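Participant: One structure, pasted below without further comment.
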Amino acid sequence: MESIAVSDGIIGAAFEVHRILGSGLLDSAYEECLCYESSQRELGFRRQVPLPIVLTYLKAANKHVGPLMNFNEPVLKNGLDRVVNDAAELQSFSPRFSPRLRASAVKEKL
């Protein structure tokens, strides 16, 4: 699957999990349910892969795009962002989770 399609599939699975569970549970509950939902959608995944922080995850894993999710939002859409490992698109990266991350990511690409 193309990286955008995989990202869309993961986001769709996350919306389904959040729709059923709501917000406010432990990360482990969301992880278990997201893994189940992802396997039902035949999305490949690995659990708890140790990598450094967000944009570095994408670089280290050689991925173009990845979802960043905060299940502790009453509406998952408000806790969802898509991180892109691409200099041209980093300029439009949403700083909702960390303005310093956006600035350092853009600086690294220059």
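Here's how to read the names in the structure tokens: chain A, B, ... by the order shown, residue numbers from 1 in each chain, ligand numbers from 1 in the order shown.
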How close does each residue of range 6-50 of chain A get to range 75-81 of chain A, giving the shortest atom pair and distance in Å to one decimal for every residue with an atom at most 12 Å away, counting only C-alpha atoms, sorted by chain and residue number, as JSON lines?

Facilitator:
{"residue": "A:Ser7", "atom": "CA", "partner": "A:Asp81", "partner_atom": "CA", "distance": 10.7}
{"residue": "A:Asp8", "atom": "CA", "partner": "A:Asp81", "partner_atom": "CA", "distance": 11.4}
{"residue": "A:Ile10", "atom": "CA", "partner": "A:Leu80", "partner_atom": "CA", "distance": 11.3}
{"residue": "A:Ile11", "atom": "CA", "partner": "A:Leu80", "partner_atom": "CA", "distance": 8.3}
{"residue": "A:Gly12", "atom": "CA", "partner": "A:Leu76", "partner_atom": "CA", "distance": 10.8}
{"residue": "A:Ala13", "atom": "CA", "partner": "A:Leu76", "partner_atom": "CA", "distance": 11.5}
{"residue": "A:Ala14", "atom": "CA", "partner": "A:Leu76", "partner_atom": "CA", "distance": 8.2}
{"residue": "A:Phe15", "atom": "CA", "partner": "A:Leu76", "partner_atom": "CA", "distance": 6.7}
{"residue": "A:Glu16", "atom": "CA", "partner": "A:Leu76", "partner_atom": "CA", "distance": 9.9}
{"residue": "A:Val17", "atom": "CA", "partner": "A:Leu76", "partner_atom": "CA", "distance": 9.8}
{"residue": "A:His18", "atom": "CA", "partner": "A:Leu76", "partner_atom": "CA", "distance": 6.7}
{"residue": "A:Arg19", "atom": "CA", "partner": "A:Leu76", "partner_atom": "CA", "distance": 8.4}
{"residue": "A:Ile20", "atom": "CA", "partner": "A:Leu76", "partner_atom": "CA", "distance": 11.5}
{"residue": "A:Leu21", "atom": "CA", "partner": "A:Leu76", "partner_atom": "CA", "distance": 11.0}
{"residue": "A:Gly22", "atom": "CA", "partner": "A:Val75", "partner_atom": "CA", "distance": 8.2}
{"residue": "A:Ser23", "atom": "CA", "partner": "A:Val75", "partner_atom": "CA", "distance": 8.1}
{"residue": "A:Gly24", "atom": "CA", "partner": "A:Val75", "partner_atom": "CA", "distance": 11.3}

Participant: Put those residues in a file: C-alpha atoms, as a PDB file, in the first residue's frame.

Facilitator:
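Written file, selection38.pdb:
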ATOM      1  CA  SER A   7      -2.010   6.412   6.785  1.00  0.00           C
ATOM      2  CA  ASP A   8      -5.657   6.832   5.747  1.00  0.00           C
ATOM      3  CA  ILE A  10      -4.754   3.707  10.153  1.00  0.00           C
ATOM      4  CA  ILE A  11      -6.680   6.931  10.716  1.00  0.00           C
ATOM      5  CA  GLY A  12      -9.916   5.181   9.740  1.00  0.00           C
ATOM      6  CA  ALA A  13      -9.147   2.389  12.206  1.00  0.00           C
ATOM      7  CA  ALA A  14      -8.382   4.982  14.908  1.00  0.00           C
ATOM      8  CA  PHE A  15     -11.720   6.728  14.323  1.00  0.00           C
ATOM      9  CA  GLU A  16     -13.519   3.400  14.691  1.00  0.00           C
ATOM     10  CA  VAL A  17     -11.670   2.596  17.932  1.00  0.00           C
ATOM     11  CA  HIS A  18     -12.358   6.068  19.336  1.00  0.00           C
ATOM     12  CA  ARG A  19     -16.010   5.892  18.273  1.00  0.00           C
ATOM     13  CA  ILE A  20     -16.446   2.708  20.297  1.00  0.00           C
ATOM     14  CA  LEU A  21     -14.193   3.421  23.306  1.00  0.00           C
ATOM     15  CA  GLY A  22     -14.444   7.200  23.595  1.00  0.00           C
ATOM     16  CA  SER A  23     -11.697   9.152  25.359  1.00  0.00           C
ATOM     17  CA  GLY A  24     -10.006   8.875  28.726  1.00  0.00           C
TER      18      GLY A  24
END

Participant: Write out as a PDB file with C-alpha atoms, in the first residue's frame which residues come within 7 Å of Arg82 in chain A when counting only C-alpha atoms, dropping same-chain ones fewer than 3 positions away.

Facilitator:
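This went into out_14.pdb:
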ATOM      1  CA  VAL A  65       3.885  10.092   6.243  1.00  0.00           C
ATOM      2  CA  GLY A  66       2.526   9.009   9.624  1.00  0.00           C
ATOM      3  CA  PRO A  67      -0.473   9.792  11.817  1.00  0.00           C
ATOM      4  CA  LEU A  68      -0.062  11.391  15.231  1.00  0.00           C
TER       5      LEU A  68
END

Participant: Can you work out which one of A:Val49, A:Ala61, A:Val54, A:Leu25 has the shortest atom-to-atom distance to Glu73 in chain A, counting only C-alpha atoms?

Facilitator: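 Counting only C-alpha atoms, the residue closest to Glu73 in chain A is A:Leu25.
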
Participant: Between A:His64, A:Leu58, A:Gly9, A:Pro74, which has the minimum distance to Leu34 in chain A (counting only C-alpha atoms)?

Facilitator: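 That would be A:Gly9, the residue with the smallest distance to Leu34 in chain A.
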
Participant: What residues in range 42-80 of chain A get the DSSP label alpha helix (DSSP H)? Please answer as a count of residues only.

Facilitator: 7
